[in-house]
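Engineer: Contents of work_21.cif (mmCIF, C-alpha atoms) are given next:
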```
data_data
loop_
_atom_site.label_atom_id
_atom_site.label_comp_id
_atom_site.auth_asym_id
_atom_site.auth_seq_id
_atom_site.Cartn_x
_atom_site.Cartn_y
_atom_site.Cartn_z
CA MET A 163 -3.10 -42.86 -28.10
CA ASP A 164 0.11 -44.36 -26.79
CA ASN A 165 -0.19 -45.71 -23.22
CA ARG A 166 3.08 -44.04 -22.32
CA GLN A 167 1.47 -40.66 -23.04
CA ALA A 168 -1.46 -41.35 -20.73
CA ILE A 169 0.70 -42.50 -17.85
CA GLY A 170 3.40 -39.84 -18.26
CA SER A 171 7.10 -40.31 -18.10
CA TRP A 172 9.05 -40.56 -14.90
CA LEU A 173 10.45 -37.11 -15.64
CA SER A 174 7.21 -35.21 -16.22
CA GLY A 175 4.91 -37.15 -13.92
CA PRO A 176 1.20 -37.85 -14.11
CA ARG A 177 0.20 -34.18 -13.80
CA ALA A 178 2.06 -33.22 -16.97
CA ALA A 179 0.49 -36.16 -18.79
CA ALA A 180 -2.98 -35.13 -17.62
CA GLU A 181 -2.34 -31.54 -18.73
CA ASP A 182 -1.21 -32.84 -22.13
CA MET A 183 -4.55 -34.63 -22.39
CA GLY A 184 -6.45 -31.40 -21.73
CA VAL A 185 -7.07 -31.44 -17.96
CA ASP A 186 -6.96 -27.91 -16.52
CA PHE A 187 -5.62 -27.78 -12.97
CA GLY A 188 -5.37 -24.00 -12.93
CA TYR A 189 -2.70 -22.17 -11.00
CA ARG A 190 -1.69 -22.78 -7.40
CA GLY A 191 -4.22 -21.16 -5.12
CA LYS A 192 -7.05 -20.95 -7.65
CA ARG A 193 -9.18 -23.41 -5.66
CA LEU A 194 -8.66 -21.23 -2.58
CA GLY A 195 -9.70 -18.03 -4.33
CA LEU A 196 -6.20 -16.51 -4.21
CA PRO A 197 -4.68 -14.40 -7.00
CA GLU A 198 -2.29 -16.02 -9.45
CA GLU A 199 0.59 -13.60 -8.74
CA GLY A 200 1.52 -10.72 -6.49
CA PRO A 201 0.45 -10.01 -2.90
CA GLY A 202 -1.93 -12.62 -1.53
CA SER A 203 -0.83 -15.34 -3.96
CA ILE A 204 0.58 -18.68 -2.86
CA ALA A 205 4.13 -18.32 -1.57
CA PRO A 206 6.74 -19.96 -3.81
CA LEU A 207 8.45 -23.06 -2.42
CA GLY A 208 11.93 -21.53 -2.70
CA ARG A 209 11.01 -18.63 -0.44
CA ARG A 210 9.28 -20.94 2.00
CA PHE A 211 12.36 -23.14 2.27
CA GLY A 212 14.54 -20.04 2.58
CA ALA A 213 12.39 -18.74 5.43
CA LEU A 214 12.56 -22.14 7.15
CA PHE A 215 16.35 -22.15 6.80
CA ILE A 216 16.61 -18.64 8.30
CA ASP A 217 14.32 -19.56 11.19
CA TRP A 218 16.16 -22.82 11.88
CA ALA A 219 19.55 -21.09 11.76
CA LEU A 220 18.31 -18.41 14.17
CA CYS A 221 17.00 -21.06 16.57
CA GLY A 222 20.25 -23.02 16.28
CA VAL A 223 22.35 -19.96 17.12
CA ILE A 224 20.15 -19.12 20.11
CA ALA A 225 20.21 -22.72 21.34
CA TYR A 226 23.96 -23.16 20.88
CA GLY A 227 24.91 -19.79 22.32
CA LEU A 228 22.51 -19.49 25.23
CA LEU A 229 21.30 -22.91 26.28
CA ALA A 230 23.54 -25.76 25.12
CA ARG A 231 26.88 -24.42 26.37
CA GLY A 232 28.81 -25.90 23.46
CA ASP A 233 27.09 -29.31 23.35
CA THR A 234 25.99 -29.70 19.73
CA GLN A 235 23.56 -32.56 20.41
CA ALA A 236 21.83 -30.59 23.14
CA ALA A 237 21.81 -27.55 20.84
CA GLY A 238 19.80 -29.49 18.26
CA ASN A 239 17.20 -30.50 20.83
CA TRP A 240 16.96 -26.99 22.23
CA ALA A 241 16.75 -25.55 18.71
CA LEU A 242 13.69 -27.68 17.98
CA LEU A 243 11.97 -26.47 21.15
CA ILE A 244 12.91 -22.85 20.39
CA PHE A 245 11.64 -23.30 16.82
CA LEU A 246 8.29 -24.53 18.15
CA VAL A 247 7.94 -21.63 20.60
CA LEU A 248 9.11 -19.10 17.99
CA SER A 249 6.60 -20.39 15.47
CA VAL A 250 3.67 -20.33 17.90
CA LEU A 251 4.47 -16.86 19.22
CA THR A 252 5.28 -15.13 15.95
CA VAL A 253 2.75 -16.77 13.62
CA GLY A 254 0.12 -16.45 16.34
CA SER A 255 0.76 -12.75 16.84
CA ILE A 256 1.99 -11.19 13.56
CA GLY A 257 1.35 -14.03 11.11
CA SER A 258 4.96 -14.69 10.18
CA THR A 259 8.22 -15.93 11.65
CA PRO A 260 11.37 -13.79 11.32
CA GLY A 261 12.43 -15.75 8.23
CA LYS A 262 9.02 -15.37 6.61
CA ARG A 263 9.00 -11.67 7.43
CA LEU A 264 12.42 -11.18 5.83
CA LEU A 265 11.32 -12.99 2.66
CA GLY A 266 7.90 -11.32 2.42
CA LEU A 267 5.66 -14.21 3.44
CA ARG A 268 2.72 -14.55 5.80
CA VAL A 269 0.59 -17.40 7.18
CA ILE A 270 -3.17 -16.83 7.03
CA SER A 271 -6.26 -18.99 7.25
CA VAL A 272 -7.83 -20.19 4.01
CA SER A 273 -10.63 -17.67 4.60
CA GLY A 274 -8.07 -14.85 4.46
CA ALA A 275 -8.24 -13.93 8.14
CA ARG A 276 -5.56 -14.25 10.77
CA LEU A 277 -4.94 -17.86 11.78
CA PRO A 278 -6.56 -18.62 15.16
CA LEU A 279 -4.19 -19.63 17.97
CA PRO A 280 -5.37 -23.28 18.24
CA TYR A 281 -4.64 -23.73 14.53
CA VAL A 282 -1.27 -22.01 14.93
CA LEU A 283 -0.42 -24.51 17.66
CA ILE A 284 -1.50 -27.49 15.51
CA ARG A 285 0.46 -26.16 12.55
CA SER A 286 3.59 -25.49 14.58
CA VAL A 287 3.62 -28.91 16.27
CA LEU A 288 3.14 -30.68 12.95
CA LEU A 289 5.84 -28.57 11.33
CA ALA A 290 8.25 -29.44 14.15
CA LEU A 291 7.63 -33.13 13.38
CA GLY A 292 8.96 -32.48 9.87
CA VAL A 293 7.28 -35.24 7.89
CA PRO A 294 3.92 -33.45 7.33
CA ALA A 295 5.73 -30.54 5.68
CA LEU A 296 7.02 -32.93 3.00
CA ILE A 297 3.53 -33.97 1.84
CA TRP A 298 1.97 -31.31 -0.42
CA ASP A 299 -1.31 -30.83 -2.23
CA ARG A 300 -1.64 -29.31 -5.69
CA ASP A 301 -1.84 -25.81 -4.19
CA GLY A 302 1.61 -26.29 -2.65
CA ARG A 303 0.29 -26.52 0.91
CA GLY A 304 1.94 -29.00 3.23
CA LEU A 305 -0.05 -31.40 5.37
CA HIS A 306 0.64 -29.16 8.36
CA ASP A 307 -1.00 -26.22 6.54
CA ARG A 308 -3.95 -28.31 5.35
CA LEU A 309 -4.74 -29.66 8.82
CA ALA A 310 -4.45 -26.17 10.31
CA ARG A 311 -6.57 -24.69 7.49
CA ALA A 312 -3.70 -22.34 6.69
CA VAL A 313 -1.97 -21.06 3.59
CA GLN A 314 1.33 -19.23 3.14
CA VAL A 315 1.01 -16.18 0.92
CA ARG A 316 3.19 -13.39 -0.41
CA VAL A 317 2.93 -10.05 1.35
#
```
Hey, can you dump this file as C-alpha cells for me?
Structural biologist:
Amino acid sequence: MDNRQAIGSWLSGPRAAAEDMGVDFGYRGKRLGLPEEGPGSIAPLGRRFGALFIDWALCGVIAYGLLARGDTQAAGNWALLIFLVLSVLTVGSIGSTPGKRLLGLRVISVSGARLPLPYVLIRSVLLALGVPALIWDRDGRGLHDRLARAVQVRV
C-alpha cells in the first residue's frame, strides 16, 4: 500500500483515508444512540451556524437599540452579555434559543432528557467564550456541548 493512501491527502484528511482502509465510523450520533436522520438526529452544522447567526443578530439589535445608545463598541459588549443571558434562559427553559427554534433545533442532554440548569450555564458560558465551539468531536458536538453533556438535535 502506498504511504500516501494511509496518511490521506490534505484535501480528504485522515478520516477519509481511514474509511478507505475499511474503518467504520458510522454516522454522526450513532455512538450516542441517536437516529441517523429525522427528528432526534444530530443537528446539521449549517443550521447550527444559522441559528447562532440569528441569535447573535437579535442580541446585537437589542444591545444597539436599547443599551448602547449608538456606541458600536459598547453594543458588542452588551450583545455578548445579552447572548449569555438569552442562552441560559431559553435553553434552560424550553431547550432552544430563538434562532434554534426558528430552524427546528433543540439542545438536550446526551441521555435524551432536558438539560439541567447547571449544565446549561456551563454550556452558555463556554459558548460565549467562542473558542470551545470551534473544537468538534466526530459526532459534530463542540467542546461546549461535550463538557455540558449536551447534544443539539433536530426537532
Engineer: Extract, using only C-alpha atoms, all DNA, RNA and protein residues at most 10 Å from A:Val313, discarding same-chain residues fewer than 6 positions from it, and format them as a ChimeraX atom specification.
Structural biologist: /A:191,194,196,202-205,268-274,277,301-304,306-307
Engineer: Take the residues from that selection and put them in a file with C-alpha atoms, as an mmCIF file, keeping the file's coordinate frame.
Structural biologist:
```cif
data_model
loop_
_atom_site.group_PDB
_atom_site.id
_atom_site.type_symbol
_atom_site.label_atom_id
_atom_site.label_comp_id
_atom_site.auth_asym_id
_atom_site.auth_seq_id
_atom_site.Cartn_x
_atom_site.Cartn_y
_atom_site.Cartn_z
ATOM 1 C CA GLY A 191 -4.220 -21.160 -5.120
ATOM 2 C CA LEU A 194 -8.660 -21.230 -2.580
ATOM 3 C CA LEU A 196 -6.200 -16.510 -4.210
ATOM 4 C CA GLY A 202 -1.930 -12.620 -1.530
ATOM 5 C CA SER A 203 -0.830 -15.340 -3.960
ATOM 6 C CA ILE A 204 0.580 -18.680 -2.860
ATOM 7 C CA ALA A 205 4.130 -18.320 -1.570
ATOM 8 C CA ARG A 268 2.720 -14.550 5.800
ATOM 9 C CA VAL A 269 0.590 -17.400 7.180
ATOM 10 C CA ILE A 270 -3.170 -16.830 7.030
ATOM 11 C CA SER A 271 -6.260 -18.990 7.250
ATOM 12 C CA VAL A 272 -7.830 -20.190 4.010
ATOM 13 C CA SER A 273 -10.630 -17.670 4.600
ATOM 14 C CA GLY A 274 -8.070 -14.850 4.460
ATOM 15 C CA LEU A 277 -4.940 -17.860 11.780
ATOM 16 C CA ASP A 301 -1.840 -25.810 -4.190
ATOM 17 C CA GLY A 302 1.610 -26.290 -2.650
ATOM 18 C CA ARG A 303 0.290 -26.520 0.910
ATOM 19 C CA GLY A 304 1.940 -29.000 3.230
ATOM 20 C CA HIS A 306 0.640 -29.160 8.360
ATOM 21 C CA ASP A 307 -1.000 -26.220 6.540
#
```
Engineer: Applied to the shown file, which residues does the PyMOL selection byres ((chain A and resi 281) around 12) return, written as a PDB file with C-alpha atoms, in the coordinates of the input?
Structural biologist:
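Everything below was put into result25.pdb:
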```
ATOM      1  CA  SER A 249       6.600 -20.390  15.470  1.00  0.00           C
ATOM      2  CA  VAL A 250       3.670 -20.330  17.900  1.00  0.00           C
ATOM      3  CA  VAL A 253       2.750 -16.770  13.620  1.00  0.00           C
ATOM      4  CA  GLY A 254       0.120 -16.450  16.340  1.00  0.00           C
ATOM      5  CA  GLY A 257       1.350 -14.030  11.110  1.00  0.00           C
ATOM      6  CA  VAL A 269       0.590 -17.400   7.180  1.00  0.00           C
ATOM      7  CA  ILE A 270      -3.170 -16.830   7.030  1.00  0.00           C
ATOM      8  CA  SER A 271      -6.260 -18.990   7.250  1.00  0.00           C
ATOM      9  CA  VAL A 272      -7.830 -20.190   4.010  1.00  0.00           C
ATOM     10  CA  ARG A 276      -5.560 -14.250  10.770  1.00  0.00           C
ATOM     11  CA  LEU A 277      -4.940 -17.860  11.780  1.00  0.00           C
ATOM     12  CA  PRO A 278      -6.560 -18.620  15.160  1.00  0.00           C
ATOM     13  CA  LEU A 279      -4.190 -19.630  17.970  1.00  0.00           C
ATOM     14  CA  PRO A 280      -5.370 -23.280  18.240  1.00  0.00           C
ATOM     15  CA  VAL A 282      -1.270 -22.010  14.930  1.00  0.00           C
ATOM     16  CA  LEU A 283      -0.420 -24.510  17.660  1.00  0.00           C
ATOM     17  CA  ILE A 284      -1.500 -27.490  15.510  1.00  0.00           C
ATOM     18  CA  ARG A 285       0.460 -26.160  12.550  1.00  0.00           C
ATOM     19  CA  SER A 286       3.590 -25.490  14.580  1.00  0.00           C
ATOM     20  CA  VAL A 287       3.620 -28.910  16.270  1.00  0.00           C
ATOM     21  CA  LEU A 288       3.140 -30.680  12.950  1.00  0.00           C
ATOM     22  CA  LEU A 289       5.840 -28.570  11.330  1.00  0.00           C
ATOM     23  CA  HIS A 306       0.640 -29.160   8.360  1.00  0.00           C
ATOM     24  CA  ASP A 307      -1.000 -26.220   6.540  1.00  0.00           C
ATOM     25  CA  ARG A 308      -3.950 -28.310   5.350  1.00  0.00           C
ATOM     26  CA  LEU A 309      -4.740 -29.660   8.820  1.00  0.00           C
ATOM     27  CA  ALA A 310      -4.450 -26.170  10.310  1.00  0.00           C
ATOM     28  CA  ARG A 311      -6.570 -24.690   7.490  1.00  0.00           C
ATOM     29  CA  ALA A 312      -3.700 -22.340   6.690  1.00  0.00           C
ATOM     30  CA  VAL A 313      -1.970 -21.060   3.590  1.00  0.00           C
TER      31      VAL A 313
END
```
Engineer: Translate the PyMOL selection byres ((chain A and resi 208-211) around 12), as applied to the file shown, into an explicit residue set as a PyMOL selection string.
Structural biologist: chain A and resi 204-207+212-218+258-269+295-296+302-304+313-317
Engineer: So for stretch 290-309 of chain A, what box centre and size do we get, axis-aligned, 8 Å extra on each of the six sides, every listed atom, Å to one decimal, as JSON?
Structural biologist:
```
{"center_x": 2.1, "center_y": -30.5, "center_z": 4.2, "size_x": 29.7, "size_y": 25.4, "size_z": 35.8}
```
Engineer: Have a look at atom CA of A:Ile244 and atom CA of A:Ala275 and let me know their distance in Å, one decimal.
Structural biologist: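 That distance, rounded to one decimal, is 26.0 Å.
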Engineer: Find the residues near A:Gly222: any atom within 12 Å, counting all atoms listed in the file, skip ones fewer than 2 places away on the same chain, and give them as an mmCIF file with C-alpha atoms, in the frame of the given file.
Structural biologist:
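The new file selection32.cif reads:
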```cif
data_model
loop_
_atom_site.group_PDB
_atom_site.id
_atom_site.type_symbol
_atom_site.label_atom_id
_atom_site.label_comp_id
_atom_site.auth_asym_id
_atom_site.auth_seq_id
_atom_site.Cartn_x
_atom_site.Cartn_y
_atom_site.Cartn_z
ATOM 1 C CA LEU A 214 12.560 -22.140 7.150
ATOM 2 C CA PHE A 215 16.350 -22.150 6.800
ATOM 3 C CA ILE A 216 16.610 -18.640 8.300
ATOM 4 C CA ASP A 217 14.320 -19.560 11.190
ATOM 5 C CA TRP A 218 16.160 -22.820 11.880
ATOM 6 C CA ALA A 219 19.550 -21.090 11.760
ATOM 7 C CA LEU A 220 18.310 -18.410 14.170
ATOM 8 C CA ILE A 224 20.150 -19.120 20.110
ATOM 9 C CA ALA A 225 20.210 -22.720 21.340
ATOM 10 C CA TYR A 226 23.960 -23.160 20.880
ATOM 11 C CA GLY A 227 24.910 -19.790 22.320
ATOM 12 C CA LEU A 228 22.510 -19.490 25.230
ATOM 13 C CA LEU A 229 21.300 -22.910 26.280
ATOM 14 C CA ALA A 230 23.540 -25.760 25.120
ATOM 15 C CA GLY A 232 28.810 -25.900 23.460
ATOM 16 C CA ASP A 233 27.090 -29.310 23.350
ATOM 17 C CA THR A 234 25.990 -29.700 19.730
ATOM 18 C CA GLN A 235 23.560 -32.560 20.410
ATOM 19 C CA ALA A 236 21.830 -30.590 23.140
ATOM 20 C CA ALA A 237 21.810 -27.550 20.840
ATOM 21 C CA GLY A 238 19.800 -29.490 18.260
ATOM 22 C CA ASN A 239 17.200 -30.500 20.830
ATOM 23 C CA TRP A 240 16.960 -26.990 22.230
ATOM 24 C CA ALA A 241 16.750 -25.550 18.710
ATOM 25 C CA LEU A 242 13.690 -27.680 17.980
ATOM 26 C CA LEU A 243 11.970 -26.470 21.150
ATOM 27 C CA ILE A 244 12.910 -22.850 20.390
ATOM 28 C CA PHE A 245 11.640 -23.300 16.820
ATOM 29 C CA LEU A 248 9.110 -19.100 17.990
#
```
Engineer: One decimal, in Å: what's the spacing between atom CA of A:Val247 and atom CA of A:Ala290?
Structural biologist: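 Going from atom CA of A:Val247 over to atom CA of A:Ala290 covers 10.1 Å.
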Engineer: What is the atom CA of A:Pro294-atom CA of A:Thr252 distance in Å, reported with one decimal?
Structural biologist: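 Separation between atom CA of A:Pro294 and atom CA of A:Thr252: 20.3 Å.
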